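The structure under discussion appears below in the form of structure tokens.
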Amino acid sequence: MPYTLTAAKADELDLALSIVRDAAKDPDSHWDEEYPTKDILKWDIERGDLYFLWEGKKPLAVIVLLPYDTTEQPDFPWPEPVPESVMLARLGIIREAQGKGLASVTVRMALDVCRERGYKTATLMTDPDNARTNHIYRKLGFQYKGNAVLWETDHFAGYTMAL
């Protein structure tokens, strides 16, 4: 069955929260019961930045496309983001659908949306110790640019891609 990627609607906030809570139970997840919060997801939806990956009528994943003006700009060794930059964030896949290539599907479809929106550069951050996600992003064409510490305790690997 083909996949679709659609912008979340206001009445889908609880659905988004259920997906991220389920994804947070994965042993490799950097999330917990406190992040991402319902308020963060509500803000993502209100801005039109949260998307669902669907297989038919079944929601499988979420991803957020944060425009340059809404992202915290970490001190990464990548070129300064320009106004046409977008950060891919909060990618979460329900556990029963993990291991089926859906992270790649979701990111590819999200990058298509980014191009349609006129973005020129995509960036993202991931756990540097999560070999699976780092491999996926490199395979998709993202270039590793270095590590950074954000919020004084969390370490992230930074990636960028020209669109």
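In the structure tokens, each chain is lettered A, B, ... as it comes, each chain's residues begin at 1, and ligands are numbered from 1 in order of appearance.
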
Residue set, region 1-144 of chain A restricted to strand (DSSP E), as number ranges by chain: A: 3-7, 50-55, 58-67, 85-93, 121-126, 143-144

Which polymer residues have any atom within 10 Å of an atom of Ala97 (chain A), counting only C-alpha atoms, with same-chain residues fewer than 5 positions away left out, as a PyMOL selection string? chain A and resi 23+59-61+102-103

Could you state the separation of CA of Arg21 (chain A) and CA of Pro36 (chain A) in Å, given to one decimal place?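 Taking CA of Arg21 (chain A) and CA of Pro36 (chain A), their separation equals 8.4 Å.
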
According to DSSP computed on the backbone, where in region 6-76 of chain A is there helix (DSSP H, G or I)? Give the residues as a list of chain:residue names.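 These are the residues in question: A:Ala10, A:Asp11, A:Glu12, A:Leu13, A:Asp14, A:Leu15, A:Ala16, A:Leu17, A:Ser18, A:Ile19, A:Val20, A:Arg21, A:Asp22, A:Ala23, A:Lys38, A:Asp39, A:Ile40, A:Leu41, A:Lys42, A:Trp43, A:Asp44, A:Ile45, A:Glu46, A:Arg47, A:Tyr68, A:Asp69, A:Thr70.
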
Could those residues be written to a file, using N, CA, C and O atoms, as a short mmCIF file (atom, residue, chain, number, x, y, z; two decimals), in the first residue's frame?
data_model
loop_
_atom_site.label_atom_id
_atom_site.label_comp_id
_atom_site.auth_asym_id
_atom_site.auth_seq_id
_atom_site.Cartn_x
_atom_site.Cartn_y
_atom_site.Cartn_z
N ALA A 10 -5.43 20.21 13.72
CA ALA A 10 -5.55 20.54 15.14
C ALA A 10 -6.17 19.40 15.94
O ALA A 10 -5.75 19.14 17.07
N ASP A 11 -7.12 18.70 15.36
CA ASP A 11 -7.79 17.62 16.11
C ASP A 11 -6.97 16.32 16.14
O ASP A 11 -7.43 15.32 16.68
N GLU A 12 -5.76 16.35 15.61
CA GLU A 12 -4.90 15.17 15.61
C GLU A 12 -3.76 15.26 16.64
O GLU A 12 -2.83 14.47 16.62
N LEU A 13 -3.86 16.21 17.56
CA LEU A 13 -2.83 16.39 18.58
C LEU A 13 -2.65 15.12 19.42
O LEU A 13 -1.52 14.68 19.64
N ASP A 14 -3.73 14.53 19.87
CA ASP A 14 -3.61 13.32 20.70
C ASP A 14 -3.01 12.16 19.91
O ASP A 14 -2.27 11.34 20.46
N LEU A 15 -3.31 12.09 18.62
CA LEU A 15 -2.72 11.06 17.77
C LEU A 15 -1.21 11.25 17.69
O LEU A 15 -0.43 10.29 17.83
N ALA A 16 -0.77 12.49 17.49
CA ALA A 16 0.67 12.77 17.44
C ALA A 16 1.34 12.40 18.76
O ALA A 16 2.41 11.78 18.77
N LEU A 17 0.69 12.75 19.86
CA LEU A 17 1.25 12.43 21.17
C LEU A 17 1.35 10.92 21.37
O LEU A 17 2.35 10.42 21.89
N SER A 18 0.34 10.18 20.93
CA SER A 18 0.39 8.73 21.09
C SER A 18 1.53 8.11 20.28
O SER A 18 2.18 7.15 20.73
N ILE A 19 1.79 8.65 19.10
CA ILE A 19 2.88 8.13 18.28
C ILE A 19 4.23 8.40 18.94
O ILE A 19 5.08 7.51 19.03
N VAL A 20 4.45 9.62 19.43
CA VAL A 20 5.76 9.92 20.04
C VAL A 20 5.94 9.16 21.35
O VAL A 20 7.06 8.73 21.66
N ARG A 21 4.87 8.95 22.10
CA ARG A 21 5.00 8.17 23.35
C ARG A 21 5.34 6.71 23.03
O ARG A 21 6.14 6.09 23.73
N ASP A 22 4.74 6.17 21.99
CA ASP A 22 5.06 4.80 21.60
C ASP A 22 6.50 4.72 21.10
O ASP A 22 7.25 3.82 21.48
N ALA A 23 6.90 5.66 20.26
CA ALA A 23 8.27 5.67 19.72
C ALA A 23 9.30 5.84 20.84
O ALA A 23 10.40 5.29 20.75
N LYS A 38 3.13 17.65 25.02
CA LYS A 38 1.91 17.93 24.28
C LYS A 38 1.92 19.37 23.79
O LYS A 38 1.50 19.67 22.67
N ASP A 39 2.44 20.29 24.60
CA ASP A 39 2.50 21.70 24.19
C ASP A 39 3.43 21.90 22.99
O ASP A 39 3.13 22.70 22.11
N ILE A 40 4.55 21.20 22.97
CA ILE A 40 5.47 21.31 21.84
C ILE A 40 4.78 20.81 20.57
O ILE A 40 4.85 21.45 19.52
N LEU A 41 4.13 19.65 20.67
CA LEU A 41 3.44 19.10 19.49
C LEU A 41 2.30 20.00 19.04
O LEU A 41 2.07 20.18 17.84
N LYS A 42 1.61 20.60 19.99
CA LYS A 42 0.53 21.55 19.65
C LYS A 42 1.10 22.73 18.87
O LYS A 42 0.54 23.17 17.87
N TRP A 43 2.23 23.24 19.33
CA TRP A 43 2.89 24.35 18.65
C TRP A 43 3.31 23.92 17.24
O TRP A 43 3.12 24.67 16.28
N ASP A 44 3.86 22.72 17.10
CA ASP A 44 4.25 22.21 15.79
C ASP A 44 3.04 22.16 14.85
O ASP A 44 3.14 22.53 13.67
N ILE A 45 1.92 21.68 15.35
CA ILE A 45 0.71 21.57 14.53
C ILE A 45 0.17 22.95 14.17
O ILE A 45 -0.20 23.19 13.02
N GLU A 46 0.13 23.84 15.13
CA GLU A 46 -0.40 25.20 14.88
C GLU A 46 0.41 25.91 13.80
O GLU A 46 -0.15 26.68 13.02
N ARG A 47 1.68 25.68 13.75
CA ARG A 47 2.53 26.32 12.73
C ARG A 47 2.45 25.61 11.38
O ARG A 47 2.99 26.07 10.40
N TYR A 68 13.88 27.85 9.68
CA TYR A 68 15.05 28.46 10.31
C TYR A 68 14.67 29.40 11.45
O TYR A 68 15.28 29.36 12.51
N ASP A 69 13.64 30.20 11.29
CA ASP A 69 13.30 31.20 12.29
C ASP A 69 12.72 30.61 13.57
O ASP A 69 12.56 31.32 14.56
N THR A 70 12.39 29.33 13.59
CA THR A 70 11.80 28.73 14.79
C THR A 70 12.74 27.77 15.49
O THR A 70 12.39 27.22 16.53
#

What's the separation between CA of Leu53 (chain A) and CA of Arg138 (chain A), in Å to one decimal place? 21.1 Å

Which residue of A:Val107, A:Leu124, A:Ala24, A:Cys114 approaches Ile94 (chain A) most closely, using only C-alpha atoms: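 Among the listed residues, the smallest separation from Ile94 (chain A) belongs to A:Ala24.
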
Find the residues around Pro27 (chain A) up to 12 Å (only C-alpha atoms counted), leave out those fewer than 5 positions away in its own chain, and share them as a ChimeraX atom specification. /A:22,32,95,98,130,132

So that I can see what lies close to Gly56 (chain A), please list as a count of residues only the residues with an atom at most 12 Å from it, counting only C-alpha atoms and leaving out residues fewer than 5 positions away in the same chain. 6

With distances taken over only C-alpha atoms, which of A:Ala162, A:Ala157, A:Ala148, A:Val86 is nearest to Arg117 (chain A)?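 The shortest atom-to-atom distance to Arg117 (chain A) comes from A:Val86.
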